[in-house]
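S.K.: Got model-v1.pdb for you, PDB, C-alpha atoms, pLDDT in the B column:
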ATOM      1  CA  MET D   1       0.000   0.000   0.000  1.00 48.00           C
ATOM      2  CA  VAL D   2       2.848   2.379   0.782  1.00 48.00           C
ATOM      3  CA  PHE D   3       4.288   1.644  -2.663  1.00 47.00           C
ATOM      4  CA  LEU D   4       0.944   2.526  -4.308  1.00 47.00           C
ATOM      5  CA  PHE D   5       0.768   5.778  -2.367  1.00 48.00           C
ATOM      6  CA  CYS D   6       4.328   6.747  -3.358  1.00 47.00           C
ATOM      7  CA  LEU D   7       3.605   5.903  -7.001  1.00 44.00           C
ATOM      8  CA  PHE D   8       0.433   7.986  -7.192  1.00 50.00           C
ATOM      9  CA  GLN D   9       1.962  10.788  -5.128  1.00 48.00           C
ATOM     10  CA  SER D  10       4.863  11.094  -7.576  1.00 44.00           C
ATOM     11  CA  VAL D  11       2.499  11.043 -10.559  1.00 45.00           C
ATOM     12  CA  VAL D  12       0.229  13.747  -9.158  1.00 46.00           C
ATOM     13  CA  LEU D  13       2.721  15.936  -7.319  1.00 44.00           C
ATOM     14  CA  PHE D  14       2.503  18.888  -9.700  1.00 43.00           C
ATOM     15  CA  ALA D  15      -1.070  18.468 -10.924  1.00 51.00           C
ATOM     16  CA  GLY D  16      -3.617  21.050  -9.937  1.00 55.00           C
ATOM     17  CA  HIS D  17      -3.437  24.537  -8.511  1.00 69.00           C
ATOM     18  CA  ALA D  18      -2.502  23.576  -4.923  1.00 77.00           C
ATOM     19  CA  THR D  19      -1.576  20.356  -3.153  1.00 80.00           C
ATOM     20  CA  PHE D  20      -2.542  19.101   0.313  1.00 82.00           C
ATOM     21  CA  TYR D  21      -1.084  16.092   2.062  1.00 87.00           C
ATOM     22  CA  ASP D  22      -3.561  14.865   4.613  1.00 89.00           C
ATOM     23  CA  TYR D  23      -4.039  12.502   7.494  1.00 91.00           C
ATOM     24  CA  LYS D  24      -7.608  11.449   8.239  1.00 91.00           C
ATOM     25  CA  ILE D  25      -9.364   9.384  10.876  1.00 89.00           C
ATOM     26  CA  ASP D  26     -12.786   7.925  10.025  1.00 87.00           C
ATOM     27  CA  LEU D  27     -15.119   6.832  12.805  1.00 85.00           C
ATOM     28  CA  PHE D  28     -17.900   4.471  11.777  1.00 80.00           C
ATOM     29  CA  LYS D  29     -20.098   1.787  13.318  1.00 76.00           C
ATOM     30  CA  PRO D  30     -20.773  -1.143  10.975  1.00 70.00           C
ATOM     31  CA  ASN D  31     -22.115  -3.328  13.811  1.00 70.00           C
ATOM     32  CA  SER D  32     -22.048  -3.133  17.609  1.00 68.00           C
ATOM     33  CA  THR D  33     -18.531  -1.621  17.816  1.00 71.00           C
ATOM     34  CA  VAL D  34     -17.048   1.678  16.659  1.00 76.00           C
ATOM     35  CA  LEU D  35     -14.110   1.331  14.263  1.00 79.00           C
ATOM     36  CA  LEU D  36     -11.349   3.824  13.522  1.00 83.00           C
ATOM     37  CA  SER D  37      -9.824   3.984  10.059  1.00 86.00           C
ATOM     38  CA  HIS D  38      -6.519   5.827   9.545  1.00 90.00           C
ATOM     39  CA  LYS D  39      -5.664   7.203   6.088  1.00 92.00           C
ATOM     40  CA  VAL D  40      -2.921   9.264   4.451  1.00 93.00           C
ATOM     41  CA  GLY D  41      -3.423  10.899   1.105  1.00 91.00           C
ATOM     42  CA  VAL D  42      -2.830  13.639  -1.383  1.00 89.00           C
ATOM     43  CA  GLN D  43      -5.441  16.164  -2.517  1.00 87.00           C
ATOM     44  CA  HIS D  44      -5.212  18.548  -5.466  1.00 84.00           C
ATOM     45  CA  VAL D  45      -7.228  21.746  -5.424  1.00 85.00           C
ATOM     46  CA  PHE D  46      -7.807  23.638  -8.663  1.00 83.00           C
ATOM     47  CA  SER D  47      -8.350  27.356  -9.250  1.00 78.00           C
ATOM     48  CA  ASP D  48     -12.165  26.895  -9.314  1.00 84.00           C
ATOM     49  CA  LEU D  49     -11.909  25.281  -5.818  1.00 86.00           C
ATOM     50  CA  SER D  50     -12.777  21.813  -7.103  1.00 89.00           C
ATOM     51  CA  PHE D  51     -10.499  19.022  -5.907  1.00 89.00           C
ATOM     52  CA  ARG D  52      -9.704  15.350  -6.302  1.00 89.00           C
ATOM     53  CA  LEU D  53      -7.994  13.081  -3.841  1.00 90.00           C
ATOM     54  CA  PHE D  54      -6.275   9.757  -3.478  1.00 91.00           C
ATOM     55  CA  SER D  55      -5.578   8.098  -0.124  1.00 92.00           C
ATOM     56  CA  ILE D  56      -4.701   4.753   1.390  1.00 92.00           C
ATOM     57  CA  GLY D  57      -5.103   3.429   4.885  1.00 91.00           C
ATOM     58  CA  GLY D  58      -6.598   0.698   6.960  1.00 87.00           C
ATOM     59  CA  TYR D  59      -8.364  -0.369  10.097  1.00 81.00           C
ATOM     60  CA  ARG D  60      -8.547  -3.342  12.438  1.00 78.00           C
ATOM     61  CA  THR D  61     -11.874  -4.912  13.402  1.00 73.00           C
ATOM     62  CA  TYR D  62     -12.905  -6.026  16.872  1.00 71.00           C
ATOM     63  CA  ASP D  63     -11.946  -9.641  16.033  1.00 72.00           C
ATOM     64  CA  ASN D  64      -8.454  -8.455  14.958  1.00 74.00           C
ATOM     65  CA  TYR D  65      -8.911  -8.681  11.172  1.00 75.00           C
ATOM     66  CA  ARG D  66      -6.914  -6.096   9.265  1.00 80.00           C
ATOM     67  CA  HIS D  67      -8.469  -4.217   6.350  1.00 81.00           C
ATOM     68  CA  GLY D  68      -6.670  -2.140   3.736  1.00 87.00           C
ATOM     69  CA  ILE D  69      -8.469   0.832   2.180  1.00 88.00           C
ATOM     70  CA  LEU D  70      -7.991   2.705  -1.084  1.00 90.00           C
ATOM     71  CA  ASN D  71      -9.930   5.971  -1.633  1.00 90.00           C
ATOM     72  CA  VAL D  72     -10.486   8.078  -4.728  1.00 92.00           C
ATOM     73  CA  GLY D  73     -12.707  11.138  -4.525  1.00 92.00           C
ATOM     74  CA  TYR D  74     -13.915  14.304  -6.175  1.00 93.00           C
ATOM     75  CA  GLY D  75     -15.307  17.394  -4.506  1.00 93.00           C
ATOM     76  CA  ARG D  76     -15.550  21.148  -4.208  1.00 94.00           C
ATOM     77  CA  TYR D  77     -14.867  23.903  -1.660  1.00 92.00           C
ATOM     78  CA  TRP D  78     -17.046  26.988  -1.152  1.00 93.00           C
ATOM     79  CA  ASP D  79     -15.776  30.055   0.724  1.00 91.00           C
ATOM     80  CA  ILE D  80     -17.698  30.920   3.878  1.00 91.00           C
ATOM     81  CA  HIS D  81     -15.359  33.244   5.731  1.00 83.00           C
ATOM     82  CA  ASN D  82     -11.650  34.127   5.668  1.00 83.00           C
ATOM     83  CA  ASN D  83     -10.446  30.919   7.313  1.00 87.00           C
ATOM     84  CA  TYR D  84     -13.465  28.653   6.721  1.00 92.00           C
ATOM     85  CA  LYS D  85     -14.678  26.713   3.711  1.00 93.00           C
ATOM     86  CA  PHE D  86     -17.682  24.455   3.233  1.00 95.00           C
ATOM     87  CA  MET D  87     -16.851  21.267   1.339  1.00 95.00           C
ATOM     88  CA  GLY D  88     -18.712  18.457  -0.343  1.00 95.00           C
ATOM     89  CA  MET D  89     -17.335  15.340  -1.980  1.00 94.00           C
ATOM     90  CA  VAL D  90     -18.130  11.964  -3.435  1.00 94.00           C
ATOM     91  CA  LEU D  91     -15.718   9.293  -2.253  1.00 91.00           C
ATOM     92  CA  PHE D  92     -15.202   5.813  -3.682  1.00 91.00           C
ATOM     93  CA  GLU D  93     -13.669   3.426  -1.173  1.00 87.00           C
ATOM     94  CA  SER D  94     -12.522  -0.110  -1.807  1.00 86.00           C
ATOM     95  CA  GLY D  95     -11.308  -2.365   0.968  1.00 83.00           C
ATOM     96  CA  TYR D  96      -9.586  -5.710   1.288  1.00 83.00           C
ATOM     97  CA  ASP D  97      -9.172  -7.732   4.477  1.00 78.00           C
ATOM     98  CA  PHE D  98      -6.202  -9.900   3.384  1.00 72.00           C
ATOM     99  CA  SER D  99      -8.312 -13.065   3.638  1.00 72.00           C
ATOM    100  CA  SER D 100      -9.872 -12.743   0.166  1.00 68.00           C
ATOM    101  CA  SER D 101     -12.804 -10.576   1.226  1.00 75.00           C
ATOM    102  CA  PHE D 102     -13.388  -7.426  -0.847  1.00 78.00           C
ATOM    103  CA  SER D 103     -15.675  -4.496   0.009  1.00 79.00           C
ATOM    104  CA  PHE D 104     -16.689  -1.320  -1.795  1.00 83.00           C
ATOM    105  CA  LYS D 105     -18.717   1.725  -0.878  1.00 85.00           C
ATOM    106  CA  SER D 106     -19.567   5.100  -2.367  1.00 88.00           C
ATOM    107  CA  ILE D 107     -19.824   7.859   0.200  1.00 89.00           C
ATOM    108  CA  LEU D 108     -21.326  11.342   0.063  1.00 93.00           C
ATOM    109  CA  GLN D 109     -19.526  13.634   2.534  1.00 94.00           C
ATOM    110  CA  LEU D 110     -20.258  17.205   3.614  1.00 96.00           C
ATOM    111  CA  GLY D 111     -18.278  19.282   6.062  1.00 95.00           C
ATOM    112  CA  PHE D 112     -16.039  22.210   6.858  1.00 94.00           C
ATOM    113  CA  MET D 113     -12.379  23.045   6.471  1.00 93.00           C
ATOM    114  CA  ARG D 114     -10.690  25.563   8.770  1.00 92.00           C
ATOM    115  CA  ARG D 115      -7.329  27.129   8.003  1.00 90.00           C
ATOM    116  CA  LEU D 116      -5.082  26.864  11.091  1.00 90.00           C
ATOM    117  CA  SER D 117      -1.973  28.524   9.623  1.00 86.00           C
ATOM    118  CA  SER D 118      -0.410  29.193   6.247  1.00 81.00           C
ATOM    119  CA  ARG D 119       0.554  25.506   6.004  1.00 84.00           C
ATOM    120  CA  LEU D 120      -2.055  23.632   8.071  1.00 90.00           C
ATOM    121  CA  SER D 121      -5.814  23.205   7.948  1.00 91.00           C
ATOM    122  CA  SER D 122      -8.298  20.892   9.624  1.00 94.00           C
ATOM    123  CA  GLN D 123     -11.438  19.194   8.342  1.00 94.00           C
ATOM    124  CA  LEU D 124     -14.608  17.839   9.909  1.00 95.00           C
ATOM    125  CA  LEU D 125     -16.844  15.806   7.577  1.00 93.00           C
ATOM    126  CA  LEU D 126     -20.038  13.801   7.981  1.00 94.00           C
ATOM    127  CA  GLY D 127     -20.719  11.110   5.423  1.00 91.00           C
ATOM    128  CA  THR D 128     -23.242   8.526   4.482  1.00 88.00           C
ATOM    129  CA  PRO D 129     -22.742   5.610   2.091  1.00 86.00           C
ATOM    130  CA  PHE D 130     -25.179   5.537  -0.818  1.00 86.00           C
ATOM    131  CA  LEU D 131     -23.860   2.263  -2.258  1.00 80.00           C
ATOM    132  CA  SER D 132     -22.224  -0.565  -0.287  1.00 76.00           C
ATOM    133  CA  VAL D 133     -20.997  -3.982  -1.387  1.00 76.00           C
ATOM    134  CA  ASN D 134     -19.949  -6.576   1.249  1.00 70.00           C
ATOM    135  CA  GLN D 135     -20.048  -4.048   4.081  1.00 69.00           C
ATOM    136  CA  LYS D 136     -22.807  -2.743   6.319  1.00 68.00           C
ATOM    137  CA  SER D 137     -23.717   0.899   5.830  1.00 67.00           C
ATOM    138  CA  SER D 138     -22.934   3.353   8.587  1.00 77.00           C
ATOM    139  CA  PHE D 139     -22.666   7.095   9.077  1.00 84.00           C
ATOM    140  CA  ILE D 140     -19.053   8.194   8.961  1.00 87.00           C
ATOM    141  CA  VAL D 141     -17.412  11.039  10.885  1.00 90.00           C
ATOM    142  CA  THR D 142     -14.083  12.140   9.419  1.00 91.00           C
ATOM    143  CA  LEU D 143     -11.475  14.263  11.178  1.00 92.00           C
ATOM    144  CA  GLY D 144      -8.604  15.446   9.016  1.00 93.00           C
ATOM    145  CA  LEU D 145      -5.396  17.439   9.197  1.00 92.00           C
ATOM    146  CA  ASN D 146      -3.992  18.864   5.948  1.00 90.00           C
ATOM    147  CA  TYR D 147      -0.496  20.093   5.168  1.00 89.00           C
ATOM    148  CA  PHE D 148      -0.416  22.639   2.332  1.00 84.00           C
ATOM    149  CA  TYR D 149       2.468  21.876  -0.037  1.00 74.00           C
ATOM    150  CA  GLY D 150       2.105  24.618  -2.654  1.00 66.00           C
ATOM    151  CA  SER D 151       1.159  25.348  -6.206  1.00 57.00           C
ATOM    152  CA  GLY D 152       1.762  23.106  -9.168  1.00 49.00           C
ATOM    153  CA  ILE D 153       4.051  25.540 -10.949  1.00 45.00           C
ATOM    154  CA  ALA D 154       5.864  22.859 -12.956  1.00 45.00           C
ATOM    155  CA  TYR D 155       2.533  21.510 -14.197  1.00 45.00           C
ATOM    156  CA  ARG D 156       1.185  24.910 -15.289  1.00 48.00           C
ATOM    157  CA  GLU D 157       4.411  25.844 -17.060  1.00 46.00           C
ATOM    158  CA  SER D 158       4.577  22.603 -19.054  1.00 54.00           C
ATOM    159  CA  SER D 159       4.680  23.026 -22.802  1.00 55.00           C
ATOM    160  CA  ASP D 160       1.593  22.296 -24.901  1.00 62.00           C
ATOM    161  CA  MET D 161       3.443  19.431 -26.572  1.00 58.00           C
ATOM    162  CA  LEU D 162       4.168  17.783 -23.209  1.00 57.00           C
ATOM    163  CA  LYS D 163       0.526  18.221 -22.136  1.00 62.00           C
ATOM    164  CA  ASN D 164      -0.644  16.572 -25.379  1.00 65.00           C
ATOM    165  CA  VAL D 165       1.727  13.634 -24.846  1.00 60.00           C
ATOM    166  CA  LYS D 166       0.397  13.200 -21.306  1.00 59.00           C
ATOM    167  CA  LYS D 167      -3.183  13.230 -22.566  1.00 61.00           C
ATOM    168  CA  LYS D 168      -2.443  10.846 -25.407  1.00 61.00           C
ATOM    169  CA  PHE D 169      -0.324   8.228 -23.657  1.00 59.00           C
ATOM    170  CA  LEU D 170      -1.040   8.684 -19.945  1.00 58.00           C
ATOM    171  CA  TRP D 171      -4.834   9.028 -20.105  1.00 54.00           C
ATOM    172  CA  PHE D 172      -5.308   6.088 -17.702  1.00 52.00           C
ATOM    173  CA  LEU D 173      -3.609   8.116 -14.947  1.00 53.00           C
ATOM    174  CA  TRP D 174      -6.674  10.288 -14.440  1.00 48.00           C
ATOM    175  CA  PHE D 175      -4.726  12.708 -12.222  1.00 47.00           C
ATOM    176  CA  ASN D 176      -2.635  13.819 -15.205  1.00 47.00           C
ATOM    177  CA  ASP D 177      -5.159  15.617 -17.365  1.00 44.00           C
TER     178      ASP D 177
END
Produce structure tokens that represent the structure in this file.

M.R.:
Amino acid sequence: MVFLFCLFQSVVLFAGHATFYDYKIDLFKPNSTVLLSHKVGVQHVFSDLSFRLFSIGGYRTYDNYRHGILNVGYGRYWDIHNNYKFMGMVLFESGYDFSSSFSFKSILQLGFMRRLSSRLSSQLLLGTPFLSVNQKSSFIVTLGLNYFYGSGIAYRESSDMLKNVKKKFLWFLWFND
């Protein structure tokens, strides 16, 4: 999983207008216990305040089974106040428990982001799955901490020829549009 994160992080490092590295904790209750899922990821915000993200993580169930998680999502920020933004996103999460059991869910999340400093921000999101496969649905509370990396200057200053090559041959890497 760490290898996948490093691969996607290197592919998407200079895509977008700004880059956040984030750490998130999801709290959800699929049955009688509350589970915590830890995730690290990268998020690219564009000049129109839309964003896309990729993250990996995992959690351990009450009976000590380990689950790996892979997230891909799209969303948008809306300005509320100087340091606050409202955010909404659609998240696609696939999971694997290393004993041949696969799960998938689509999640609609709404929440707020607060800027803590020039480099850090925090997020609080509430989500609900609207499609689940091999996993019980549950409301999800997400707490996140973002580290602002900077603008994708190298991406914006790429030549038109290089952008066309990326679109033609690297279309399957949807981060590189």

S.K.: Give the answer as one residue: which of D:Val42, D:Tyr84, D:Val34, D:Ser99 has the shortest atom-to-atom distance to Asn71 (chain D), using all atoms listed in the file?

M.R.: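 Closest to Asn71 (chain D) of all the choices is D:Val42.
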
S.K.: Measuring atom to atom with all atoms listed in the file, identify which of D:Phe130, D:Tyr62, D:Phe46, D:Tyr96 is nearest to Arg76 (chain D).

M.R.: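 Result for the nearest residue to Arg76 (chain D): D:Phe46.
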
S.K.: Sorted by chain and rising residue number, which residues of region 14-68 of chain D lie within 6 Å of region 132-149 of chain D, and what are their closest atom pairs and distances in Å to one decimal, counting only C-alpha atoms, as a tab-separated table?

M.R.:
residue	atom	partner	partner_atom	distance
D:Thr19	CA	D:Tyr149	CA	5.3
D:Phe20	CA	D:Phe148	CA	4.6
D:Tyr21	CA	D:Tyr147	CA	5.1
D:Asp22	CA	D:Asn146	CA	4.2
D:Tyr23	CA	D:Leu145	CA	5.4
D:Lys24	CA	D:Gly144	CA	4.2
D:Ile25	CA	D:Leu143	CA	5.3
D:Asp26	CA	D:Thr142	CA	4.5
D:Leu27	CA	D:Val141	CA	5.2
D:Phe28	CA	D:Ile140	CA	4.8
D:Lys29	CA	D:Ser138	CA	5.7
D:Pro30	CA	D:Lys136	CA	5.3

S.K.: One number please: CA of Ser94 (chain D) to CA of Gln43 (chain D), in Å, one decimal.

M.R.: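 Atom-to-atom, CA of Ser94 (chain D) and CA of Gln43 (chain D) are spaced 17.8 Å apart.
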
S.K.: Counting all atoms listed in the file, figure out which residue out of D:Pro129, D:Lys105, D:Ser121, D:Lys85 gets nearest to Ile69 (chain D).

M.R.: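 The answer is D:Lys105, which sits nearest to Ile69 (chain D).
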
S.K.: Could you check the closest approach to Ser122 (chain D) for each of D:Ser101, D:Asn83, D:Ser37, D:Gln109 and tell me which residue wins, using all atoms listed in the file?

M.R.: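 Looking at the shortest contact to Ser122 (chain D), the residue is D:Asn83.
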
S.K.: Could you check the closest approach to Arg114 (chain D) for each of D:Phe86, D:Phe54, D:Leu91, D:Ala18 and tell me which residue wins, using all atoms listed in the file?

M.R.: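 Of all the options, D:Phe86 lies closest to Arg114 (chain D).
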
S.K.: Nearest to Gly88 (chain D): which of D:Gly111, D:Gly41, D:Gly73, D:Gly127 is it, counting all atoms listed in the file?

M.R.: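 Answer, going by the shortest atom-to-atom distance: D:Gly111.
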
S.K.: Applying 7 Å and all atoms listed in the file, which residues near Gly95 (chain D) remain after dropping the ones on its own chain fewer than 3 positions away? List them as a list in words.

M.R.: His67, Gly68, Ile69, Leu70, Phe102, Ser103 and Phe104 of chain D

S.K.: For a test of reading the model, state the distance in Å between CA of Val72 (chain D) and CA of Leu120 (chain D), rounded to one decimal.

M.R.: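 Rounded to one decimal, the two atoms are 21.8 Å apart.
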
S.K.: Would you work out the distance separating CA of Phe112 (chain D) from CA of Met89 (chain D), expressed in Å to one decimal?

M.R.: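 Taking CA of Phe112 (chain D) as the start and CA of Met89 (chain D) as the end point, the length is 11.3 Å.
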
S.K.: Is it possible to get the axis-aligned box enclosing region 136-146 of chain D (all listed atoms, 4 Å extra per side) as JSON, with centre and edge lengths in Å rounded to one decimal?

M.R.:
{"center_x": -13.9, "center_y": 8.1, "center_z": 8.5, "size_x": 27.7, "size_y": 29.6, "size_z": 13.3}
